[in-house]
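data_18.txt (compact mmCIF, C-alpha atoms) appears below.
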```txt
# COMPACT_ATOMS: atom_id res chain seq x y z
CA MET S 39 68.81 -167.15 12.32
CA PRO S 40 70.56 -170.42 11.50
CA SER S 41 74.10 -169.92 10.24
CA ASP S 42 73.60 -172.50 7.50
CA LYS S 43 70.89 -170.46 5.84
CA LYS S 44 69.82 -171.94 2.55
CA ASP S 45 69.12 -170.18 -0.71
CA PHE S 46 65.37 -169.71 -1.21
CA LYS S 47 65.62 -168.38 -4.77
CA LYS S 48 64.64 -171.72 -6.23
CA VAL S 49 62.68 -174.03 -3.97
CA ALA S 50 60.48 -177.09 -4.19
CA TYR S 51 56.86 -176.01 -4.04
CA TYR S 52 54.33 -178.09 -2.15
CA PRO S 53 50.89 -176.55 -2.71
CA GLY S 54 48.90 -179.28 -0.93
CA CYS S 55 45.29 -180.14 -1.59
CA ALA S 56 43.62 -176.96 -0.31
CA LEU S 57 45.49 -174.85 -2.83
CA GLU S 58 44.11 -176.98 -5.63
CA GLY S 59 40.55 -176.46 -4.39
CA THR S 60 39.06 -173.89 -2.06
CA ALA S 61 42.30 -171.95 -1.84
CA HIS S 62 43.11 -171.85 -5.52
CA ALA S 63 43.46 -168.07 -5.26
CA TYR S 64 46.28 -168.61 -2.76
CA ASP S 65 48.03 -170.94 -5.20
CA ARG S 66 47.78 -168.61 -8.16
CA SER S 67 48.76 -165.52 -6.16
CA THR S 68 51.73 -167.35 -4.60
CA ARG S 69 52.99 -168.45 -8.00
CA ALA S 70 52.36 -164.99 -9.48
CA VAL S 71 54.19 -163.22 -6.67
CA GLY S 72 57.11 -165.63 -6.97
CA ASN S 73 57.28 -164.95 -10.67
CA ALA S 74 57.10 -161.18 -10.17
CA LEU S 75 59.89 -161.34 -7.61
CA GLY S 76 62.13 -163.55 -9.72
CA LEU S 77 61.79 -166.51 -7.36
CA GLU S 78 61.45 -169.95 -8.86
CA LEU S 79 59.02 -172.60 -7.67
CA GLU S 80 59.36 -176.17 -8.83
CA GLU S 81 56.28 -178.13 -7.85
CA VAL S 82 56.97 -181.38 -6.00
CA LYS S 83 56.34 -184.19 -8.48
CA ASN S 84 53.48 -186.56 -7.77
CA TRP S 85 52.96 -185.10 -4.32
CA ASN S 86 50.47 -186.58 -1.88
CA CYS S 87 48.38 -185.42 1.06
CA CYS S 88 50.47 -184.25 4.03
CA GLY S 89 48.28 -186.28 6.38
CA ALA S 90 46.27 -183.18 7.17
CA MET S 91 44.05 -183.36 10.22
CA GLU S 92 42.23 -186.57 9.50
CA VAL S 93 45.12 -189.00 9.10
CA LYS S 94 47.09 -187.44 11.94
CA ASN S 95 44.30 -188.09 14.37
CA ILE S 96 43.81 -191.70 13.35
CA ASP S 97 47.45 -192.69 13.12
CA PRO S 98 50.09 -189.98 13.56
CA LYS S 99 52.84 -192.27 12.25
CA ILE S 100 51.07 -192.52 8.90
CA GLN S 101 50.90 -188.75 8.80
CA THR S 102 54.64 -188.67 9.45
CA TYR S 103 55.18 -191.06 6.55
CA LEU S 104 52.94 -189.11 4.16
CA SER S 105 54.75 -185.87 4.89
CA SER S 106 58.12 -187.61 4.67
CA ARG S 107 57.29 -188.88 1.19
CA VAL S 108 56.77 -185.31 -0.03
CA MET S 109 60.13 -184.31 1.42
CA SER S 110 61.77 -187.44 0.02
CA ILE S 111 60.65 -186.66 -3.52
CA ALA S 112 61.83 -183.07 -3.18
CA ALA S 113 65.23 -184.14 -1.86
CA ASN S 114 65.95 -187.46 -3.54
CA GLU S 115 64.19 -187.15 -6.88
CA MET S 116 64.37 -183.41 -7.49
CA GLY S 117 67.56 -182.46 -5.65
CA HIS S 118 66.06 -179.71 -3.51
CA ASP S 119 67.06 -178.83 0.01
CA VAL S 120 64.14 -176.45 0.66
CA VAL S 121 60.42 -177.17 0.45
CA MET S 122 58.06 -174.21 0.54
CA ALA S 123 54.53 -174.93 1.77
CA PRO S 124 52.13 -171.95 1.85
CA CYS S 125 49.38 -173.89 3.61
CA ASN S 126 49.67 -173.75 7.40
CA GLY S 127 48.42 -177.34 7.67
CA CYS S 128 51.03 -178.69 5.25
CA TYR S 129 53.77 -176.51 6.71
CA HIS S 130 52.87 -177.67 10.21
CA ASN S 131 52.73 -181.34 9.23
CA LEU S 132 56.03 -181.35 7.34
CA LYS S 133 57.67 -179.65 10.31
CA LYS S 134 56.07 -182.16 12.66
CA ALA S 135 57.30 -185.06 10.53
CA GLU S 136 60.80 -183.58 10.53
CA PHE S 137 60.69 -183.30 14.32
CA ASP S 138 59.40 -186.84 14.73
CA LEU S 139 62.04 -188.28 12.44
CA GLN S 140 64.77 -186.45 14.32
CA ASN S 141 63.54 -187.51 17.75
CA ASP S 142 61.56 -190.71 17.57
CA ALA S 143 63.06 -194.05 16.57
CA GLU S 144 59.66 -195.64 16.07
CA SER S 145 58.69 -192.95 13.56
CA ARG S 146 61.92 -193.59 11.66
CA SER S 147 61.20 -197.29 11.64
CA VAL S 148 57.62 -196.86 10.35
CA VAL S 149 58.73 -194.42 7.66
CA GLU S 150 61.56 -196.76 6.59
CA ARG S 151 59.18 -199.73 6.38
CA ILE S 152 56.45 -197.96 4.37
CA SER S 153 58.91 -196.15 2.11
CA THR S 154 60.58 -199.43 1.22
CA LYS S 155 57.23 -201.04 0.52
CA ALA S 156 56.19 -198.04 -1.59
CA GLY S 157 59.46 -198.27 -3.52
CA HIS S 158 61.00 -194.87 -2.91
CA ASP S 159 63.98 -193.58 -0.96
CA THR S 160 63.38 -193.13 2.71
CA TYR S 161 63.47 -189.51 3.79
CA GLN S 162 66.25 -188.82 6.28
CA ALA S 163 65.76 -186.02 8.78
CA GLY S 164 67.61 -182.89 7.77
CA GLN S 165 67.56 -183.50 4.02
CA VAL S 166 65.29 -180.53 3.47
CA GLU S 167 64.26 -177.43 5.32
CA THR S 168 60.54 -176.76 5.21
CA ILE S 169 59.58 -173.11 5.04
CA HIS S 170 56.36 -171.14 4.81
CA ALA S 171 55.58 -168.65 2.02
CA LEU S 172 56.16 -165.92 4.60
CA ASP S 173 59.71 -167.16 5.27
CA TRP S 174 60.31 -167.48 1.55
CA ILE S 175 59.57 -163.83 0.74
CA LYS S 176 60.82 -162.38 4.01
CA ASP S 177 64.19 -164.13 3.74
CA GLU S 178 64.82 -163.98 0.03
CA ILE S 179 63.41 -160.56 -0.84
CA GLY S 180 63.14 -158.88 2.53
CA GLU S 181 61.34 -155.75 3.53
CA GLU S 182 63.77 -153.42 1.79
CA GLY S 183 63.48 -155.39 -1.43
CA LEU S 184 59.72 -155.24 -1.26
CA ARG S 185 59.74 -151.55 -0.40
CA GLU S 186 61.77 -150.80 -3.53
CA ARG S 187 59.50 -152.87 -5.74
CA THR S 188 56.11 -151.82 -4.38
CA LYS S 189 56.61 -148.13 -3.66
CA ASP S 190 53.98 -147.90 -0.93
CA ALA S 191 51.32 -149.36 -3.23
CA LEU S 192 49.16 -150.51 -0.29
CA LYS S 193 49.22 -147.06 1.33
CA GLY S 194 45.92 -146.23 2.99
CA LEU S 195 44.86 -149.85 3.44
CA LYS S 196 44.24 -150.86 7.06
CA VAL S 197 45.07 -154.50 7.60
CA ALA S 198 44.57 -156.96 10.46
CA ASN S 199 47.07 -159.78 10.03
CA TYR S 200 45.63 -163.13 10.98
CA TYR S 201 48.04 -166.07 11.29
CA GLY S 202 45.80 -168.71 12.85
CA CYS S 203 47.01 -171.41 15.18
CA MET S 204 49.12 -173.81 13.12
CA TYR S 205 51.80 -171.39 11.97
CA THR S 206 53.39 -171.21 15.42
CA ARG S 207 52.12 -174.18 17.41
CA PRO S 208 53.40 -176.32 18.93
CA ARG S 209 56.58 -174.34 19.41
CA HIS S 210 58.94 -177.31 19.58
CA ILE S 211 58.47 -178.22 15.91
CA PHE S 212 59.62 -174.75 14.82
CA PRO S 213 63.19 -174.54 16.18
CA GLU S 214 64.04 -171.64 13.90
CA LYS S 215 61.42 -169.41 15.51
CA ASP S 216 62.12 -167.33 18.65
CA GLN S 217 65.80 -167.06 17.80
CA GLY S 218 66.08 -163.33 18.35
CA GLU S 219 66.39 -160.54 15.85
CA GLY S 220 65.33 -161.47 12.36
CA SER S 221 63.51 -164.62 13.37
CA GLU S 222 59.79 -165.18 13.62
CA SER S 223 58.09 -165.08 17.02
CA SER S 224 55.84 -167.94 18.05
CA SER S 225 53.87 -165.79 20.48
CA GLN S 226 53.63 -162.60 18.44
CA PRO S 227 54.22 -163.57 14.81
CA HIS S 228 55.08 -160.59 12.65
CA PHE S 229 56.44 -161.72 9.27
CA MET S 230 53.16 -160.98 7.47
CA ASP S 231 52.88 -157.64 9.26
CA ASP S 232 56.45 -156.82 8.16
CA LEU S 233 55.90 -157.72 4.51
CA LEU S 234 52.63 -155.86 4.14
CA ALA S 235 53.97 -152.82 5.98
CA ALA S 236 56.92 -152.82 3.58
CA ALA S 237 54.39 -152.66 0.74
CA GLY S 238 52.78 -149.62 2.38
CA ALA S 239 49.89 -151.17 4.30
CA GLU S 240 48.89 -149.79 7.67
CA ASN S 241 48.76 -152.73 10.10
CA VAL S 242 46.33 -152.33 12.97
CA ASP S 243 46.83 -153.71 16.47
CA PHE S 244 44.94 -156.97 16.30
CA PRO S 245 44.90 -159.03 19.50
CA LEU S 246 43.46 -162.20 17.99
CA LYS S 247 46.10 -162.82 15.32
CA THR S 248 46.82 -166.38 16.49
CA ALA S 249 43.44 -167.15 18.08
CA CYS S 250 41.51 -170.28 17.18
CA CYS S 251 39.11 -169.85 14.24
CA GLY S 252 37.39 -173.17 14.93
CA GLY S 253 38.46 -174.25 11.45
CA ALA S 254 38.81 -177.92 12.24
CA HIS S 255 35.26 -178.01 13.56
CA THR S 256 33.63 -176.06 10.84
CA LEU S 257 31.55 -179.08 9.81
CA SER S 258 31.16 -180.95 13.08
CA ASP S 259 30.41 -177.93 15.25
CA SER S 260 29.56 -175.07 12.94
CA ASP S 261 27.92 -172.95 15.61
CA THR S 262 31.08 -172.75 17.68
CA SER S 263 33.12 -171.97 14.58
CA THR S 264 30.70 -169.21 13.63
CA LEU S 265 30.92 -167.65 17.08
CA LEU S 266 34.72 -167.78 17.07
CA VAL S 267 34.94 -166.29 13.58
CA THR S 268 32.36 -163.62 14.41
CA ASN S 269 34.46 -162.53 17.36
CA ILE S 270 37.55 -162.37 15.16
CA LEU S 271 35.68 -160.28 12.58
CA LYS S 272 34.36 -157.95 15.29
CA ALA S 273 37.83 -157.53 16.79
CA ALA S 274 39.30 -156.78 13.35
CA GLU S 275 36.66 -154.16 12.68
CA ALA S 276 37.02 -152.64 16.13
CA SER S 277 40.76 -152.43 15.44
CA GLY S 278 39.94 -150.31 12.42
CA ALA S 279 40.84 -152.93 9.81
CA GLU S 280 39.31 -152.87 6.36
CA VAL S 281 40.94 -156.14 5.40
CA ILE S 282 41.99 -159.30 7.20
CA ALA S 283 45.14 -160.67 5.58
CA THR S 284 45.46 -164.45 5.80
CA GLU S 285 48.22 -166.99 5.20
CA CYS S 286 46.30 -170.19 5.91
CA PRO S 287 43.68 -171.68 3.58
CA THR S 288 41.71 -173.23 6.46
CA CYS S 289 41.50 -169.93 8.30
CA HIS S 290 40.76 -168.06 5.10
CA SER S 291 37.84 -170.22 4.00
CA GLY S 292 36.60 -170.45 7.61
CA LEU S 293 36.52 -166.68 7.90
CA GLU S 294 34.80 -166.32 4.53
CA MET S 295 32.18 -169.00 5.13
CA HIS S 296 31.36 -168.04 8.69
CA GLN S 297 31.22 -164.38 7.77
CA ILE S 298 28.24 -165.31 5.62
CA ARG S 299 26.86 -167.72 8.21
CA ALA S 300 27.16 -165.09 10.96
CA GLU S 301 24.95 -162.79 8.94
CA LYS S 302 22.37 -165.53 8.42
CA THR S 303 22.34 -167.06 11.88
CA LEU S 304 23.41 -164.21 14.17
CA GLY S 305 22.34 -161.20 12.11
CA TYR S 306 25.90 -159.88 12.31
CA LYS S 307 26.95 -158.17 9.12
CA SER S 308 30.64 -157.52 8.74
CA SER S 309 32.17 -155.36 6.05
CA VAL S 310 35.78 -156.40 6.62
CA LYS S 311 37.28 -158.17 3.57
CA ILE S 312 39.31 -161.35 3.69
CA VAL S 313 42.30 -161.53 1.38
CA TYR S 314 45.41 -163.71 1.15
CA PHE S 315 48.58 -161.80 1.91
CA THR S 316 50.00 -163.00 -1.41
CA GLN S 317 47.07 -161.35 -3.20
CA LEU S 318 47.85 -158.04 -1.52
CA LEU S 319 51.55 -158.36 -2.30
CA GLY S 320 50.75 -159.29 -5.89
CA LEU S 321 48.60 -156.21 -6.33
CA ALA S 322 51.31 -154.11 -4.70
CA LEU S 323 53.76 -155.50 -7.25
CA GLY S 324 51.52 -154.31 -10.06
CA LEU S 325 49.80 -157.57 -10.91
CA ASP S 326 46.18 -157.32 -11.93
CA GLU S 327 43.29 -158.55 -9.82
CA LYS S 328 42.62 -161.59 -11.98
CA THR S 329 46.24 -162.72 -11.90
CA VAL S 330 46.12 -162.81 -8.11
CA GLY S 331 42.69 -164.45 -8.15
CA LEU S 332 40.62 -161.81 -6.35
CA HIS S 333 37.61 -163.10 -8.29
CA GLU S 334 38.09 -166.52 -6.68
CA ASN S 335 37.59 -165.28 -3.15
CA ILE S 336 34.14 -165.53 -1.62
CA SER S 337 34.71 -162.28 0.23
CA ASP S 338 34.48 -159.66 -2.52
CA SER S 339 37.25 -157.16 -1.90
CA THR S 340 37.38 -155.83 -5.45
CA GLY S 341 35.32 -152.69 -4.77
CA LEU S 342 37.34 -151.69 -1.73
CA LEU S 343 40.69 -152.36 -3.37
CA ARG S 344 39.71 -150.46 -6.53
CA GLU S 345 38.45 -147.56 -4.47
CA LYS S 346 41.82 -147.47 -2.72
CA GLY S 347 43.60 -147.54 -6.07
CA ILE S 348 45.20 -150.87 -5.22
CA ALA S 349 43.37 -153.15 -7.69
CA MET Y 261 32.11 -171.09 40.84
CA LYS Y 262 30.41 -168.94 38.24
CA SER Y 263 28.99 -170.99 35.37
CA LEU Y 264 30.27 -170.60 31.84
CA ALA Y 265 26.80 -169.60 30.66
CA GLN Y 266 26.69 -166.80 33.22
CA ILE Y 267 30.20 -165.65 32.30
CA GLY Y 268 29.15 -165.48 28.64
CA THR Y 269 26.09 -163.44 29.51
CA ASP Y 270 28.01 -161.09 31.80
CA LEU Y 271 30.71 -160.47 29.23
CA ASN Y 272 28.11 -158.89 26.96
CA VAL Y 273 26.95 -156.41 29.60
CA VAL Y 274 28.53 -152.98 29.48
CA ARG Y 275 29.60 -151.93 32.98
CA ALA Y 276 29.49 -148.15 32.74
CA SER Y 277 29.26 -147.83 36.52
CA LEU Y 278 32.75 -149.30 36.93
CA SER Y 279 35.89 -147.24 36.56
CA THR Y 280 38.21 -147.99 33.65
CA ALA Y 281 40.48 -150.01 35.90
CA GLY Y 282 37.45 -151.69 37.45
CA GLN Y 283 36.25 -152.84 34.06
CA ALA Y 284 39.69 -154.24 33.29
CA GLU Y 285 39.65 -156.08 36.63
CA PHE Y 286 36.24 -157.50 35.77
CA LEU Y 287 37.40 -158.76 32.37
CA LEU Y 288 40.58 -160.31 33.76
CA LYS Y 289 38.54 -161.98 36.50
CA SER Y 290 36.13 -163.28 33.85
CA GLY Y 291 39.07 -164.91 32.07
CA GLU Y 292 40.11 -166.56 35.32
CA GLN Y 293 36.57 -167.81 35.89
CA VAL Y 294 36.52 -169.32 32.40
CA LEU Y 295 39.71 -171.25 33.14
CA GLU Y 296 38.42 -172.26 36.56
CA ASN Y 297 35.58 -174.00 34.74
CA TRP Y 298 37.99 -175.71 32.37
CA ASN Y 299 40.23 -176.96 35.16
CA ALA Y 300 37.28 -178.11 37.25
CA ALA Y 301 35.90 -180.00 34.24
CA LYS Y 302 39.27 -181.74 33.91
CA GLY Y 303 39.08 -182.80 37.55
CA ASN Y 304 41.60 -180.25 38.83
CA ASP Y 305 41.17 -177.97 41.79
CA PRO Y 306 41.68 -174.58 40.09
CA THR Y 307 45.00 -173.20 41.24
CA SER Y 308 45.32 -169.98 43.16
CA ASP Y 309 48.96 -169.68 42.15
CA ARG Y 310 50.22 -166.88 39.98
CA LYS Y 311 52.56 -167.00 37.04
CA GLU Y 312 54.35 -163.83 36.02
CA GLY Y 313 52.08 -162.10 38.53
CA PHE Y 314 48.82 -163.36 37.06
CA ARG Y 315 46.54 -166.14 38.22
CA LEU Y 316 45.13 -166.36 34.69
CA LEU Y 317 48.48 -167.54 33.35
CA ALA Y 318 48.87 -170.08 36.16
CA LEU Y 319 45.37 -171.39 35.43
CA HIS Y 320 46.24 -171.71 31.75
CA ARG Y 321 49.41 -173.62 32.52
CA GLN Y 322 47.42 -175.91 34.83
CA GLY Y 323 44.78 -176.45 32.13
CA ALA Y 324 47.32 -177.21 29.41
CA LYS Y 325 49.15 -179.86 31.44
CA GLY Y 326 48.74 -183.11 29.53
CA ASP Y 327 46.58 -181.40 26.91
CA ALA Y 328 48.76 -179.61 24.39
CA SER Y 329 45.74 -178.50 22.36
CA PHE Y 330 44.78 -176.19 25.19
CA ASN Y 331 47.73 -174.08 24.10
CA ALA Y 332 45.42 -172.86 21.36
CA CYS Y 333 44.29 -170.24 23.89
CA ARG Y 334 47.76 -169.47 25.27
CA GLU Y 335 48.16 -166.20 23.37
CA THR Y 336 44.55 -165.26 24.07
CA CYS Y 337 45.34 -165.41 27.80
CA ARG Y 338 48.49 -163.40 27.25
CA GLU Y 339 46.59 -160.81 25.22
CA LEU Y 340 44.10 -160.49 28.06
CA VAL Y 341 46.94 -159.82 30.50
CA TYR Y 342 48.57 -157.40 28.05
CA HIS Y 343 45.35 -155.41 27.69
CA TYR Y 344 44.83 -155.45 31.44
CA ASN Y 345 48.27 -153.91 31.85
CA LEU Y 346 47.62 -151.36 29.11
CA VAL Y 347 44.35 -150.25 30.66
CA THR Y 348 45.34 -150.24 34.32
CA MET Y 349 48.73 -148.62 33.82
CA GLU Y 350 47.27 -145.84 31.70
CA PRO Y 351 43.60 -145.53 32.70
CA ASP Y 352 43.40 -141.97 31.38
CA HIS Y 353 44.94 -142.77 28.02
CA PRO Y 354 42.85 -141.38 25.12
CA GLU Y 355 42.60 -144.94 23.76
CA ALA Y 356 41.56 -146.46 27.09
CA ASN Y 357 38.01 -147.14 25.96
CA LYS Y 358 39.19 -148.76 22.74
CA ARG Y 359 41.63 -150.88 24.70
CA LEU Y 360 38.81 -151.98 26.98
CA GLU Y 361 36.69 -152.84 23.98
CA MET Y 362 39.48 -155.00 22.58
CA MET Y 363 40.01 -156.58 25.98
CA GLN Y 364 36.34 -157.50 26.11
CA MET Y 365 36.66 -159.26 22.73
CA VAL Y 366 39.76 -161.12 23.83
CA ALA Y 367 37.94 -162.27 26.98
CA MET Y 368 34.99 -163.27 24.83
CA HIS Y 369 37.27 -165.34 22.58
CA LEU Y 370 38.67 -167.16 25.57
CA TYR Y 371 35.15 -167.87 26.76
CA LEU Y 372 34.02 -169.07 23.30
CA PHE Y 373 37.04 -171.32 22.87
CA VAL Y 374 36.80 -172.94 26.29
CA ASN Y 375 33.03 -173.20 26.16
CA GLY Y 376 33.31 -174.91 22.77
CA LYS Y 377 36.17 -177.11 23.93
CA ILE Y 378 34.28 -178.30 26.98
CA GLN Y 379 31.47 -179.42 24.69
CA VAL Y 380 33.68 -180.74 21.89
CA ASP Y 381 36.95 -181.79 23.41
CA GLY Y 382 38.64 -181.99 20.04
CA LEU Y 383 38.45 -178.23 19.49
CA GLY Y 384 42.00 -177.12 19.00
CA GLU Y 385 43.14 -180.75 18.96
CA PHE Y 386 43.47 -181.04 15.22
CA CYS Y 387 45.20 -177.80 14.49
CA CYS Y 388 47.43 -177.03 17.37
CA SER Y 389 48.66 -180.25 18.83
CA SER Y 390 51.19 -182.58 17.35
CA LYS Y 391 49.77 -185.33 19.48
CA GLY Y 392 47.17 -187.49 17.79
CA MET Y 393 43.85 -188.32 19.41
CA ARG Y 394 44.76 -191.98 19.49
CA GLN Y 395 47.62 -191.17 21.81
CA THR Y 396 45.45 -189.15 24.13
CA THR Y 397 42.52 -191.53 24.22
CA GLY Y 398 44.57 -194.70 24.35
```

I'd like the structure from this file rewritten - as structure tokens, please.
Amino acid sequence: MPSDKKDFKKVAYYPGCALEGTAHAYDRSTRAVGNALGLELEEVKNWNCCGAMEVKNIDPKIQTYLSSRVMSIAANEMGHDVVMAPCNGCYHNLKKAEFDLQNDAESRSVVERISTKAGHDTYQAGQVETIHALDWIKDEIGEEGLRERTKDALKGLKVANYYGCMYTRPRHIFPEKDQGEGSESSSQPHFMDDLLAAAGAENVDFPLKTACCGGAHTLSDSDTSTLLVTNILKAAEASGAEVIATECPTCHSGLEMHQIRAEKTLGYKSSVKIVYFTQLLGLALGLDEKTVGLHENISDSTGLLREKGIA
Amino acid sequence: MKSLAQIGTDLNVVRASLSTAGQAEFLLKSGEQVLENWNAAKGNDPTSDRKEGFRLLALHRQGAKGDASFNACRETCRELVYHYNLVTMEPDHPEANKRLEMMQMVAMHLYLFVNGKIQVDGLGEFCCSSKGMRQTTG
């Protein structure tokens, strides 16, 4: 772990666009869990799109600028040195922008030029550290802290932890990963496994935890996405999972939508439920199902979680 | 070279006549055949080298050269190797059949990803690569 570890108790919160729409349940459960754990989130003022997939693939320098503006506001207007982004896409893009600004003079020049034109301070590499919601809870509360607060509340729930592809790739934009004990692994990520196990869940061996869900092609090539998701669902079920825990809104909605599509187009009916890890942690902390937004998921896990005494 | 379509079909056939280790060999070989197709489609002569003792990993490295998005199947390849080791080192393990079942799904995922990526080259491009399409297409 870096020796200059920052305090994550109060961080700038960058929800990003997905958490205002399809992943609203992730937003509300993240905020609720933070509140229950005594962690403070201050939403980045007047935030903009991180550049997502679309901008990045038309002009990656514009994506770098867009992400840098979010970090600039957090640092220069709000005084934060940590930005927490629960969305894998946002997290990935802010990290990528940070890497570009550290290593590429042309990126720095483009960001300087557009920032000046837009009338805000130019973000300087290193002003903030971007973290994921998993880092936030793992580092600030830790497994022991969660164990004390949740008292095995998820006991009896078999979970396949699904991280998707953007949380760990490409490795070079995540210098804090693969740093030995205590750090996250880019090849076998485990932070979500650790947190849910601390809350009592039984994690199953799930070999597709970072496999492609076809999320980016869900509209342009739905059939491929459905096949990829179906295989993930089958592997989760074969692993014995009752629930797939997610930490990425793209993966989450892809799994939910293609679970339905798989039934319609392939005749494959899957009973595994898809739930954000923050929803499971929230329930484990004693929050009610509405507070964590279970009703906002397409995949209806309420029956299972009530049956298990979790919701 | 075995076609991707044939690999996909064969992966769905249960090979009860093969031993446990034989089935693991078949699945690992299927993974290699998938990556042979990818490399051939990219204009490469599929390597016969091995990396960490496995041709599959050498083929993945060859396929990812100059195409960072191909790393989206890096861990899938590694999982295939991991399951191969699990099954062949402990063929009589009580979980051997379950391990084989998981290995089949991992091999299937590799096939689905590469088959999709050959048809839609952008698959994995958006999510996994920090390199924009403009840079790769000029």

Notebook entry, point to check: Neighbours of S:Tyr306 within 10 Å (only C-alpha atoms; same-chain residues fewer than 6 positions away dropped), as a VMD selection string?
Noted result: chain S and resid 268 271 to 272 297 to 300

Next item on the list: Identify, on the basis of all atoms listed in the file, every residue whose closest approach to S:His62 does not exceed 10 Å; exclude the query and any residue fewer than 5 positions from it along the same chain; express the result as a ChimeraX atom specification.
Entry: /S:53,55-57,67-68,287,330-331,334-335

Note to self: I need the residue nearest Y:Tyr344 from this list: Y:Leu264, Y:Ala318, Y:Met365, Y:Leu287. Use all atoms listed in the file for the distance.
What the structure shows: Y:Leu287

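Atom CA of S:Glu222 sits 14.4 Å away from atom CA of S:Glu285.
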
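Counting from atom CA of S:Val120, the distance to atom CA of S:Val166 is 5.1 Å.
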
Margin query: Env of S:Arg209: 9 Å cut, atoms = only C-alpha atoms, seq-sep filter 6 positions within chain, self excluded. Answer as a list in words.
Written below: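 Counting only the stated atoms, we get Lys215, Asp216 and Ser224 of chain S.
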
Check: Contacts of S:Ser225 at 12 Å or less, counting only C-alpha atoms, minus same-chain residues fewer than 3 places along, as an MDAnalysis selection string?
Finding: (chainID S and resid 201:209 215:216 222 228 245:249) or (chainID Y and resid 331:339)

Item checked: Straight-line distance linking atom CA of S:Ala123 with atom CA of S:Trp174, stated in Å to one decimal -> 9.4 Å

Using the file's own x, y and z axes, what box holds all listed atoms of stretch 145-149 of chain S with 8 Å on each side, keeping edges along x, y and z, and what are its centre and edge lengths in Å to one decimal, as AutoDock Vina command-line options?
```
--center_x 59.8 --center_y -195.1 --center_z 10.6 --size_x 20.3 --size_y 20.3 --size_z 21.9
```

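Nearest-residue note for Y:Gly376: choosing from Y:Ala265, Y:Asn304, Y:Gln364, Y:Val347, the minimum distance belongs to Y:Ala265, counting only C-alpha atoms.
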
Next item on the list: Could you give me, as a ChimeraX atom specification, the residues that have an atom at most 9 Å away from the point (58.3, -189.1, 10.3) in the coordinates of the file, using only C-alpha atoms?
Entry: /S:98-106,132,134-140,142,144-149,161-163

Check: For Y:Arg359, which residue among Y:Leu372, Y:Thr269, Y:Gly323, Y:Gln283 is the nearest when counting only C-alpha atoms?
Finding: Y:Gln283

Notebook entry, point to check: Which one is closest to chain Y: S:Met122, S:Leu318, S:Ile175, S:Val93? Count only C-alpha atoms.
Noted result: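 Among S:Met122, S:Leu318, S:Ile175, S:Val93, it is S:Val93 that comes nearest to chain Y.
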
Note to self: Just checking: using all atoms listed in the file, which residue out of Y:His343, Y:His353, Y:Lys302, Y:His320 ends up closest to chain S?
What the structure shows: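 Residue with the minimum atom-to-atom distance to chain S: Y:His343.
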
Is there a way to get, as a PDB file with C-alpha atoms, in the frame of the given file, all residues within 9 Å of the point (54.5, -163.0, 30.7) in file coordinates, counting only C-alpha atoms?
```
ATOM      1  CA  LYS Y 311      52.560-167.000  37.040  1.00  0.00           C
ATOM      2  CA  GLU Y 312      54.350-163.830  36.020  1.00  0.00           C
ATOM      3  CA  GLY Y 313      52.080-162.100  38.530  1.00  0.00           C
ATOM      4  CA  PHE Y 314      48.820-163.360  37.060  1.00  0.00           C
ATOM      5  CA  LEU Y 317      48.480-167.540  33.350  1.00  0.00           C
ATOM      6  CA  ARG Y 338      48.490-163.400  27.250  1.00  0.00           C
ATOM      7  CA  VAL Y 341      46.940-159.820  30.500  1.00  0.00           C
ATOM      8  CA  TYR Y 342      48.570-157.400  28.050  1.00  0.00           C
TER       9      TYR Y 342
END
```

Checklist line | Top pick for closest residue to chain S, considering Y:Glu285, Y:Gly268, Y:Pro306, Y:Thr280 and counting all atoms listed in the file | finding: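 With all atoms listed in the file as the atom set, the closest residue is Y:Gly268.
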
Next item on the list: Mind checking which residues fall within 8 Å of S:Leu332, counting only C-alpha atoms, ignoring those fewer than 4 positions away in the same chain, and posting them as a list of chain:residue names?
Entry: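 The contact residues come out as S:Ala63, S:Val313, S:Gln317, S:Glu327, S:Lys328, S:Asp338, S:Ser339, S:Thr340.
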
Restricting it to C-alpha atoms, dump the selection as a compact mmCIF listing (two decimals), in the coordinates of the input.
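For reference, selection-v2.txt as written:
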```txt
# COMPACT_ATOMS: atom_id res chain seq x y z
CA ALA S 63 43.46 -168.07 -5.26
CA VAL S 313 42.30 -161.53 1.38
CA GLN S 317 47.07 -161.35 -3.20
CA GLU S 327 43.29 -158.55 -9.82
CA LYS S 328 42.62 -161.59 -11.98
CA ASP S 338 34.48 -159.66 -2.52
CA SER S 339 37.25 -157.16 -1.90
CA THR S 340 37.38 -155.83 -5.45
```
